[in-house]
Structures are given as C-alpha cells and as structure tokens.
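Participant: Pasting in a structure now, in structure tokens, and then I'll have a few things to ask.
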There are 2 protein chains.
Amino acid sequence: MITLVHEGRTVESAVTPAPGELSIALLGLGKVGSSVAALALDPPPSLTRRLRIIGALVRRPAREPELNGLVALTTDAVTLLESQPDVVVELLGGVEPARSLILAALNGGIPVVTANKSLLARHGDELLDAAARTGTPLRYEASVIAGVPFLGTFSRRPLASDVRRITGIVNGTSNFILSTMTSEGTSFADALTHSQRRGFAEPDPSKDVGGIDAAEKLSVLLRQFGGWSVHPDALDVSGIDGLTVEDLRQAAVFGGAVKPVIHAEWTGDEAAAFAGPAFVSGAHPLARIDGVQNAVCLVGRSGELCLAGPGAGPDVTAATVIDDVLEVVDQDRERQHAAYRGARRPRLTEAATGWFVRVTAETKLPDGRDVSDLLSADGVWLRRVSDRGRCRNATAQWLLTYPCSRTRLDRALLALCAAAGCSTFAIRALEGSRE
Amino acid sequence: MITLVHEGRTVESAVTPAPGELSIALLGLGKVGSSVAALALDPPPSLTRRLRIIGALVRRPAREPELNGLVALTTDAVTLLESQPDVVVELLGGVEPARSLILAALNGGIPVVTANKSLLARHGDELLDAAARTGTPLRYEASVIAGVPFLGTFSRRPLASDVRRITGIVNGTSNFILSTMTSEGTSFADALTHSQRRGFAEPDPSKDVGGIDAAEKLSVLLRQFGGWSVHPDALDVSGIDGLTVEDLRQAAVFGGAVKPVIHAEWTGDEAAAFAGPAFVSGAHPLARIDGVQNAVCLVGRSGELCLAGPGAGPDVTAATVIDDVLEVVDQDRERQHAAYRGARRPRLTEAATGWFVRVTAETKLPDGRDVSDLLSADGVWLRRVSDRGRCRNATAQWLLTYPCSRTRLDRALLALCAAAGCSTFAIRALEGSRE
C-alpha cells in the first residue's frame, strides 16, 4: 500500500503494483497524461508488460473526473517520488517544477521519460549530465516528432548519428495552417481558426505559429546530433504569421511550397541554424509533407535519410511515452549514456540559403533598369522572377534568389526600396536535397 | 595470442584484442566484410569504441590482398568461433555455412550481427528461436534498407510496432533501373547494363530484377511486424523485366509512376502480401522515391510512418553492421528477445488492389462496345483509360482499374482478348496512402 497525500489529506492508493508490473509515477494529467493513464488501465494486446500508475501529480486533484478512482491523484510530488516507482513519466510541460522533479528522480536513481521539449531545450545539458553521472536512463522520444521513434535509435548508433545537416518540419500546427492556406486559399487568420476548431492548435497558438516550439525542437536535435548546446533564444527564429495566400500561390508557380522548416548544418566549431517558414523546391523531400505530418531529413556519412510521420496528438505522444517506459526498464543501466560526453557551444554562423522575396507597392524604377539589375548591383542574383500580381491591395512581384547572406540581401532590398519606393518580405529558400 | 589455421598451416594472429577493445570474428570478407574491416582498422572519430577484427573467415585466404597482414585470414571457422570473440559478424550471404555458424555462435552465447536477408527469410524462425532460448543477441539491421535503422528500434517498441500494413521499396537495383527507364527513356536491357556499370546491379541481376531479393526482405518484415512466418517462395512475386518504356510513360500520364514495391497487410489470422512492380499514384509517399533510394511505410495505431534512405552499398551496410555491433555489446542480455514469442503461419490471401493494364494488338471490338463495356461485364471497373498509343510495334492502350481480385481481372482480360484478339500485361496499382 502506497500512501499519498493531496490537499493536506492522507489518501491510501489502492493501486500498489502487483509482482511483474511496472510502476509509474505520472507527473501531470493533462491530455497526454490522461492518454498514458488510459493506455495503462486498458492496455492493447500488443502491450505485453502490465503497467500500473501508482499516482499522478496534479495541481488540482478534481480536474480529471473520468480518471478519479482509477488513478490516485496527489499534489504531493515528494511522497510520490519517495514511493519508488520503476519509472517517472514527466508530462507537466514547462520548466518548473518539471526540472526539479526530474533531477530529483535521476539523483534518486529512478529512470525518467519525458516529452518536454521546452525543458530539454533550455536545461538539456543539466538533465543529461545528471543522467550520465547517476547512470540513470532519461528518455524523451516524444519531444520531437512524437509519432516517429528515432532519437533513442540514433543515440545508440554512432555511425548513423554522424550527421552534418538536419532539415525538417517539426511543428504540426504551422504545417497544417500553411497546408490549409495553400489548398483552400484561406487567410492565415481563417486557417488558424480552422486548425483550432480541429484541435490542431492551442487556444494560445503563439509558440507554434511564432516558431518557438520548432526552435525548441531544433535545440534538442542540435544537442543530440551535433553535440551542440544552443539555447532556443540564440537561434534565428521566425513565425508563419507574415505569410499571405498569394505568397503560397506564387511558391506553387515556382514549382515548390512554403513550409515551416527547421534547418541546421555544422562543420568544425561552427554551426548555422534557423527555424521559420521557407520556400522548398518541388524536388525537396519536405515539399510533400502536408497537414499535421512532420518529417526530419538527416544528411550524414550514409547519404540522406528522411523520416516522416505524425508529429503530435495526445494518443500518439502517449504511445511513444509508453514505448519509452518499456525501453527504459529493458535497458542495461550501467551503459546508459556512456556515449554522452556533454555538449559544447558552437560559434553560430548564418546558413547559406537562397531567398523567396515578395516586393510590394513598387512604383517606378530608374529608366531602363529592372529589379534584377538593381539587386545584382548589390550581389544578389535572381533564379526566378514572377509576373506582376497583387497582394494586400498593392501590386506585387515575387523573386527567388541564389544563396546569399541575410546581410547582403537586406542591403540589396534596402537599395531597391529606396529606388522604387517598395516594401519587401523575405523568407529563406531551400533547393533540392543537395543544397 | 589467438591461433588460427588456414590452408592447413597454423598462423598466429597478431591481433589479440587489447583491454577495452571489442573483438569481432568476421565471417566473410567480400565487399561489405572488407568495408567493415576497413572501418575497424581506420575508425572515424565518431566511433568511440575500438574494434578489433580477430580473424576473418574466407574461402580462399589470398583473395583480399589489400587487407592481408592487417586482418588474419582463416578457412577454419571452428577455431575462429572458439577464440571467443565479443561478437560474430556474418557476411557470407546465402544459407550454408552461414546458418550453421550463426547457430553455433548463438548456442555458445556469442552475440551475432548479420546482414543476410536470404538466410533470415528462410531460417529466421530457427535463428530467432535460438537467440531467444540462449538469451544471446541476434541483430540484422542491415538486412532491410541498410541505411535506415528501424528494425532494432521497433523490436523494442511494442506500441509503435503495432502495425497492420507495410508498403515499401526495398530493392535499389530495381528502383534504379525503373527510375532510369523513366527519366532517360531507355529500355530495360539498357538500363540494366547502365546500372551494372555504375555498380548498382550484380553481374547476375536475377535475384534483384526478378523480385526474389524484395520477397526475402518482405519475409523479414512480415516476421518482425506481424509475427508471421512466411517463406519467400510462398509470396506472390514478380519481376520488373516485363515493363517497357511506354508503360512508364503512360504511368506518368496517369499522374503516377511504376515502382518495385513490396506490400503486406493483415488482420486476424489472414495476411496478404506481394512483391513486384506496381503503379503508384502521385499522392503515394513512394511515388518520389527514386534511384537507389529505398523506403518503407508502416501503417499502425499512430497513423502512417515513412522512412526513406539509402538501401544498400558496401559502406552503408558496413556502417550499419558496426552500429549493430555496438548496440549488441551495450545491451542487457537477459532481456534480449524477451518479446519474441515465435512466429506463426498466416492464411495467405490476396491483397485487394487496383490494376495497371497494357492491352496490345487489339483488333476490332464487337460493334458499339468498347474495352470498358467488355471488362465491366466481368465486374472489372475502369478508373482511367489512355489514348491509343504504340508499344513493341503494336497498337496499345493502358487501363487503370478499381480494386478487384486477380482471378476476376484474369477472367475479364481473357474475355476481352477472346473478343478483340489482343494480349495483355498487368501489374498492381496502389492509390494514395489511404487505400
């Protein structure tokens, strides 16, 4: 019998694990936590180990009535961890108290499974150091592309992990919104409302559409594949909210699509990385990743690998968390994280990409000269130029440039706008898989 | 000091492993084996464990002069296994002596890594039983899509492995040939010669282009994901050699492509599976997998996952084999294959797919009736009909049908040919990912 306390009252948990059962302390009982509990209480036939939730840490015990009585709820994290579960599953989200509780579990030798990319992005070094120092497993497969298991796999395979470039789509909300704008011709605002109604966007969507969620996942991938410690705030991040339906239509005319992309490449002690919307050519493996699908492409010693699948959702995330729980307890602890050697800070540089530029409200150009002439004078060379169209009640034209630095692009666009009285909006452009 | 014997003479191996080194007994020193030896002798920085090839089993010791002196060669398998390596790496290919040597290693408690899909397809039950019985790891990541690690991952993740359908491209030679025929307009024979020159096809390409290699890999996947024991000879297998450039051109007109596909789906105690060329619609995730790229799509409880990457090649395969070696020695042996419960034979049924049909040398149809009328009389309904064209010096027309059984299709085509004096050639057709 495990004794738990919530709201000052002592409750006795009826869910003492039976012999052979895996006991789980669940931190957080939101959508994913509830789905984990539901899988443990009513396991599918493929789940051959019995799982037992010995208690769930909640802020307010009465919040999940349908699981009341089936899962012992508590507000007392200390007693829950002291009940010595086989695994701690952290699904609180955010930094605290998740960070302190995971550290307490690892220091107590209790393996931890988490899906918390914000925490891993910001305190991953500290958590992985604690796991390595104590020889206690820490798993976070569901933190990036929840439906595709690859982080654990590659962490055990040094040659496959010898990667020098990562490109991906890791935010399902942004991808769904851009896909909807493209296929339905709806505005960003309408596509956002639609995705909220379908449950694909949070009531506060700013972390998703603003690129923060993607940057956090990029930070996790940089640590795993490059051994790089990069805080998400240090990354070049932009959101999808500046895009118009006309931009997406023009991307299709250029033979590609605009996708919410993460990209990183490194060599020596330098790394370049960004998270934000980018034009991807039709030949790019990400061009066909639509809706809430996610994908990641890794370029390494074996060429390019691409992994695609569902990125999030409570049931997908819960299944991945439970697979992590099973892996954690089946693992030889002494060798856990033997390969982890700490992460180092790279010198952050800029990725060399092309650009997809919208030029609006252009008036008169100096006689005999066109946009191409003016930009090339500043060393920006155009791959494609669109016909004149309209965007936001103004004349508009779209350009696709060859790779150049953002500094050079900005200088050239400034000179163009000074000459032609226009305004511009630019996102990065990725060519086929070889760029 | 390890004593090895080859060609009746005793040789003393100079390569006794130092403390902390992993010792490998290498069975086979062909292209992949030589690449494994080269990686062990000159490890990349990412390879943090030192590997030592204590000896390589060869048929004729003088065959690999560039490794002579660096790797001790032997024709004496028994002594090599008795030298107690940490891992046996089997790269002989074929059934014997590979099967006997792997069983001897497993029975002696020595972990085994192999890339031998022929052996796994034909004797996988016996080998996995031996591994489970002795608690000795057996790994074969390089046997299917050598450049994409997924077999090991999914074997440890029961919820992710809860799959009901697999579709993939697992033969790089066939995919390269069909891609070349499509992009260059060359005949099958010319594309085959071209791929042999580029090193993508064996001097005897029959196993690749005839579908046997793909069927063997399908057999491995059926065991892993369905728990099904199906000998490759029991599968519905066809080769790509009957296809013409005109077929591929017409597939593009229909908005898709012809790909060398494996497909399996199951429910209850029934499984349907085939390996062979198939029309895939443009919306299908396999439609863009070109050249020597391979891919596998798994449909399970989390939706559809697709994994794509290089399928073969000595260096890719060797890197995957070495990653397997590292995973094997980092693994808790007692829990190895705890999840393996033996495989059972399914009742093999037929996959319900549409068909892509070439109708050639059609003469006169009964007055007022067209191909569509005649086929629908036998319950075969057409989704698309091409314009009249030419193929192999005859008039030709291509059809895309709705799903029906092969029996029904064959009966309908027989009736058509009796009425119109034509001949036909049919391959399966797969629609988007939801079919």
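Scheme for the structure tokens: letters A, B, ... for chains in order shown; per-chain residue numbers from 1; ligand numbers from 1 in order shown.
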Per residue of chain A within 7 Å of chain B, record the nearest atom pair and its distance in Å to one decimal, counting only C-alpha atoms, with rows in chain order and ascending residue number, as CSV.
Facilitator:
residue,atom,partner,partner_atom,distance
A:Ser46,CA,B:Pro158,CA,6.0
A:Leu47,CA,B:Pro158,CA,6.1
A:Gly147,CA,B:Ser302,CA,6.3
A:Val148,CA,B:Leu305,CA,6.7
A:Thr153,CA,B:Thr153,CA,5.8
A:Arg156,CA,B:Glu327,CA,6.3
A:Arg157,CA,B:Asp323,CA,5.0
A:Pro158,CA,B:Ser46,CA,6.0
A:Leu159,CA,B:Ala319,CA,6.0
A:Asp162,CA,B:Ser46,CA,6.4
A:Ser302,CA,B:Val316,CA,5.4
A:Gly303,CA,B:Pro310,CA,6.8
A:Glu304,CA,B:Gly309,CA,5.9
A:Leu305,CA,B:Gly309,CA,4.3
A:Cys306,CA,B:Ala308,CA,5.1
A:Leu307,CA,B:Leu307,CA,4.5
A:Ala308,CA,B:Cys306,CA,5.1
A:Gly309,CA,B:Leu305,CA,4.3
A:Pro310,CA,B:Gly303,CA,6.8
A:Val316,CA,B:Ser302,CA,5.4
A:Ala319,CA,B:Leu159,CA,6.0
A:Asp323,CA,B:Arg157,CA,4.9
A:Glu327,CA,B:Arg156,CA,6.3
A:Asp330,CA,B:Arg335,CA,6.3
A:Gln331,CA,B:Asp332,CA,6.0
A:Asp332,CA,B:Asp332,CA,4.8
A:Arg335,CA,B:Asp330,CA,6.2
Participant: For the structure I just gave you, how does DSSP split region 289-323 of chain A - specifically, which residues are helix (DSSP H, G or I)? Reply as a PyMOL selection string.
Facilitator: chain A and resi 314-323
Participant: Please save N, CA and C atoms of the selected residues as a short mmCIF file (atom, residue, chain, number, x, y, z; two decimals), in the first residue's frame.
Facilitator:
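Result went into again.cif, see below:
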data_model
loop_
_atom_site.label_atom_id
_atom_site.label_comp_id
_atom_site.auth_asym_id
_atom_site.auth_seq_id
_atom_site.Cartn_x
_atom_site.Cartn_y
_atom_site.Cartn_z
N PRO A 314 -2.38 13.70 -28.45
CA PRO A 314 -2.26 13.00 -27.17
C PRO A 314 -2.03 11.50 -27.30
N ASP A 315 -2.77 10.83 -28.21
CA ASP A 315 -2.66 9.37 -28.28
C ASP A 315 -1.31 8.94 -28.85
N VAL A 316 -0.86 9.62 -29.90
CA VAL A 316 0.45 9.32 -30.49
C VAL A 316 1.55 9.56 -29.45
N THR A 317 1.49 10.69 -28.77
CA THR A 317 2.51 11.03 -27.79
C THR A 317 2.50 10.02 -26.64
N ALA A 318 1.29 9.65 -26.18
CA ALA A 318 1.20 8.71 -25.06
C ALA A 318 1.78 7.34 -25.44
N ALA A 319 1.51 6.88 -26.66
CA ALA A 319 2.05 5.59 -27.09
C ALA A 319 3.57 5.64 -27.11
N THR A 320 4.13 6.74 -27.60
CA THR A 320 5.59 6.87 -27.65
C THR A 320 6.18 6.94 -26.24
N VAL A 321 5.51 7.63 -25.34
CA VAL A 321 5.95 7.69 -23.95
C VAL A 321 5.98 6.28 -23.34
N ILE A 322 4.94 5.50 -23.61
CA ILE A 322 4.89 4.15 -23.02
C ILE A 322 5.95 3.25 -23.65
N ASP A 323 6.17 3.37 -24.95
CA ASP A 323 7.28 2.61 -25.56
C ASP A 323 8.61 3.00 -24.90
#
Participant: Suppose you want the space between CA of Phe274 (chain A) and CA of Arg99 (chain A); what is it in Å?
Facilitator: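 About the pair CA of Phe274 (chain A) and CA of Arg99 (chain A): they are 26.0 Å apart.
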Participant: List the spatial neighbours of region 346-348 of chain A as a list in words - criterion: any atom at most 7 Å away, only C-alpha atoms, same-chain residues fewer than 3 positions off excluded.
Facilitator: Trp228, Asp269, Glu270, Ala271 and Ala272 of chain A
Participant: Go ahead and save the residues from that selection, with N, CA and C atoms, as an mmCIF file, in the first residue's frame.
Facilitator:
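The resulting again_32.cif:
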data_model
loop_
_atom_site.group_PDB
_atom_site.id
_atom_site.type_symbol
_atom_site.label_atom_id
_atom_site.label_comp_id
_atom_site.auth_asym_id
_atom_site.auth_seq_id
_atom_site.Cartn_x
_atom_site.Cartn_y
_atom_site.Cartn_z
ATOM 1 N N TRP A 228 25.803 19.864 -29.773
ATOM 2 C CA TRP A 228 25.800 21.323 -29.599
ATOM 3 C C TRP A 228 24.822 21.739 -28.520
ATOM 4 N N ASP A 269 33.925 23.996 -35.446
ATOM 5 C CA ASP A 269 33.228 24.516 -34.261
ATOM 6 C C ASP A 269 32.149 25.527 -34.625
ATOM 7 N N GLU A 270 31.733 25.509 -35.909
ATOM 8 C CA GLU A 270 30.695 26.435 -36.362
ATOM 9 C C GLU A 270 29.406 25.690 -36.679
ATOM 10 N N ALA A 271 28.305 26.313 -36.319
ATOM 11 C CA ALA A 271 27.003 25.767 -36.683
ATOM 12 C C ALA A 271 26.104 26.895 -37.153
ATOM 13 N N ALA A 272 25.312 26.598 -38.192
ATOM 14 C CA ALA A 272 24.316 27.556 -38.685
ATOM 15 C C ALA A 272 22.957 26.904 -38.534
#
Participant: Identify which of the residues A:Ala40, A:Thr182, A:Asp373, A:His194 lies closest to Leu416 (chain A), counting only C-alpha atoms when measuring atom-to-atom distances.
Facilitator: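 Of all the options, A:Asp373 lies closest to Leu416 (chain A).
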Participant: Which residues are near Glu90 (chain A)? Cut-off 9 Å, only C-alpha atoms, ignore same chain within fewer than 2 positions. Put them as a ChimeraX atom specification.
Facilitator: /A:25-28,33,88,92-93,98,101-102,112-116
Participant: Please produce an output containing N, CA, C and O atoms for each residue in the selection, written as a PDB file, in the first residue's frame.
Facilitator:
ATOM      1  N   ALA A  25       5.135   6.609 -11.811  1.00  0.00           N
ATOM      2  CA  ALA A  25       4.665   7.848 -11.188  1.00  0.00           C
ATOM      3  C   ALA A  25       4.470   8.854 -12.303  1.00  0.00           C
ATOM      4  O   ALA A  25       5.409   9.159 -13.050  1.00  0.00           O
ATOM      5  N   LEU A  26       3.237   9.332 -12.444  1.00  0.00           N
ATOM      6  CA  LEU A  26       2.884  10.209 -13.545  1.00  0.00           C
ATOM      7  C   LEU A  26       2.879  11.653 -13.049  1.00  0.00           C
ATOM      8  O   LEU A  26       2.125  11.994 -12.147  1.00  0.00           O
ATOM      9  N   LEU A  27       3.736  12.480 -13.625  1.00  0.00           N
ATOM     10  CA  LEU A  27       3.752  13.882 -13.262  1.00  0.00           C
ATOM     11  C   LEU A  27       2.971  14.651 -14.323  1.00  0.00           C
ATOM     12  O   LEU A  27       3.455  14.831 -15.447  1.00  0.00           O
ATOM     13  N   GLY A  28       1.749  15.029 -14.001  1.00  0.00           N
ATOM     14  CA  GLY A  28       0.917  15.742 -14.962  1.00  0.00           C
ATOM     15  C   GLY A  28      -0.164  14.831 -15.511  1.00  0.00           C
ATOM     16  O   GLY A  28       0.109  13.681 -15.883  1.00  0.00           O
ATOM     17  N   GLY A  33      -1.065  13.010 -20.406  1.00  0.00           N
ATOM     18  CA  GLY A  33      -1.043  12.223 -19.173  1.00  0.00           C
ATOM     19  C   GLY A  33      -2.266  11.341 -19.053  1.00  0.00           C
ATOM     20  O   GLY A  33      -2.164  10.151 -18.704  1.00  0.00           O
ATOM     21  N   VAL A  88       9.567   7.363 -13.657  1.00  0.00           N
ATOM     22  CA  VAL A  88       8.837   8.618 -13.539  1.00  0.00           C
ATOM     23  C   VAL A  88       8.529   9.112 -14.951  1.00  0.00           C
ATOM     24  O   VAL A  88       9.435   9.189 -15.790  1.00  0.00           O
ATOM     25  N   LEU A  92       4.325  17.419 -17.289  1.00  0.00           N
ATOM     26  CA  LEU A  92       3.829  18.698 -16.776  1.00  0.00           C
ATOM     27  C   LEU A  92       3.987  19.806 -17.815  1.00  0.00           C
ATOM     28  O   LEU A  92       3.206  20.739 -17.871  1.00  0.00           O
ATOM     29  N   GLY A  93       5.045  19.708 -18.619  1.00  0.00           N
ATOM     30  CA  GLY A  93       5.373  20.798 -19.541  1.00  0.00           C
ATOM     31  C   GLY A  93       6.024  21.940 -18.786  1.00  0.00           C
ATOM     32  O   GLY A  93       5.969  22.005 -17.551  1.00  0.00           O
ATOM     33  N   ALA A  98       8.926  20.850 -13.388  1.00  0.00           N
ATOM     34  CA  ALA A  98       9.380  19.661 -14.116  1.00  0.00           C
ATOM     35  C   ALA A  98      10.886  19.422 -13.934  1.00  0.00           C
ATOM     36  O   ALA A  98      11.327  18.303 -13.645  1.00  0.00           O
ATOM     37  N   LEU A 101      11.878  18.131 -10.405  1.00  0.00           N
ATOM     38  CA  LEU A 101      11.375  16.778 -10.144  1.00  0.00           C
ATOM     39  C   LEU A 101      12.156  15.741 -10.949  1.00  0.00           C
ATOM     40  O   LEU A 101      12.471  14.659 -10.456  1.00  0.00           O
ATOM     41  N   ILE A 102      12.493  16.077 -12.189  1.00  0.00           N
ATOM     42  CA  ILE A 102      13.292  15.134 -12.992  1.00  0.00           C
ATOM     43  C   ILE A 102      14.677  14.968 -12.360  1.00  0.00           C
ATOM     44  O   ILE A 102      15.180  13.837 -12.231  1.00  0.00           O
ATOM     45  N   VAL A 112      13.646   8.243 -15.979  1.00  0.00           N
ATOM     46  CA  VAL A 112      12.659   9.277 -16.316  1.00  0.00           C
ATOM     47  C   VAL A 112      12.349   9.228 -17.812  1.00  0.00           C
ATOM     48  O   VAL A 112      13.249   9.102 -18.639  1.00  0.00           O
ATOM     49  N   VAL A 113      11.063   9.334 -18.136  1.00  0.00           N
ATOM     50  CA  VAL A 113      10.613   9.527 -19.510  1.00  0.00           C
ATOM     51  C   VAL A 113       9.876  10.864 -19.554  1.00  0.00           C
ATOM     52  O   VAL A 113       9.025  11.125 -18.699  1.00  0.00           O
ATOM     53  N   THR A 114      10.210  11.691 -20.533  1.00  0.00           N
ATOM     54  CA  THR A 114       9.548  12.989 -20.648  1.00  0.00           C
ATOM     55  C   THR A 114       9.270  13.304 -22.109  1.00  0.00           C
ATOM     56  O   THR A 114       9.916  12.746 -23.007  1.00  0.00           O
ATOM     57  N   ALA A 115       8.301  14.193 -22.339  1.00  0.00           N
ATOM     58  CA  ALA A 115       8.013  14.683 -23.688  1.00  0.00           C
ATOM     59  C   ALA A 115       8.243  16.186 -23.744  1.00  0.00           C
ATOM     60  O   ALA A 115       7.812  16.845 -24.683  1.00  0.00           O
ATOM     61  N   ASN A 116       8.947  16.722 -22.754  1.00  0.00           N
ATOM     62  CA  ASN A 116       9.018  18.165 -22.501  1.00  0.00           C
ATOM     63  C   ASN A 116      10.160  18.838 -23.273  1.00  0.00           C
ATOM     64  O   ASN A 116      11.274  19.004 -22.769  1.00  0.00           O
TER      65      ASN A 116
END
Participant: Which residue is closest to Val237 (chain A)? Choose from A:Ala215, A:Leu178, A:Val95, A:Ile53 and count only C-alpha atoms.
Facilitator: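 Distance minimum relative to Val237 (chain A) lands on A:Ala215.
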Participant: If we count only C-alpha atoms and set the cut-off at 7 Å, which residues sit around region 242-259 of chain B, ignoring sequence neighbours fewer than 3 positions away in its own chain? Please answer as a list of chain:residue names.
Facilitator: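 Once the nearby chain positions are removed, what remains is B:Asn175, B:Leu178, B:Met181, B:Thr182, B:Gly185, B:Thr186, B:Ser187, B:Phe188, B:Pro277, B:Ala278, B:Phe279, B:Val280, B:Ser281, B:Gly282, B:Ala287, B:Cys391.
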Participant: How far is it from CA of Asp410 (chain A) to CA of Leu430 (chain A), in Å with one decimal?
Facilitator: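 Value for the CA of Asp410 (chain A)-CA of Leu430 (chain A) distance: 18.2 Å.
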Participant: Go ahead and compute the interatomic distance for CA of Leu286 (chain B) and CA of Ala201 (chain B), in Å to one decimal.
Facilitator: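 Atom-to-atom, CA of Leu286 (chain B) and CA of Ala201 (chain B) are spaced 21.2 Å apart.
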Participant: Hey, what does DSSP flag as strand (DSSP E or B) within region 9-59 of chain B? Can you give it to me as a PyMOL selection string?
Facilitator: chain B and resi 9-13+22-27+51-57
Participant: Of the candidates A:Leu414, A:Val359, A:Ala396, A:Val261, which one gets nearest to Arg428 (chain A) if we count only C-alpha atoms?
Facilitator: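 Of A:Leu414, A:Val359, A:Ala396, A:Val261, the one nearest Arg428 (chain A), counting only C-alpha atoms, is A:Val261.
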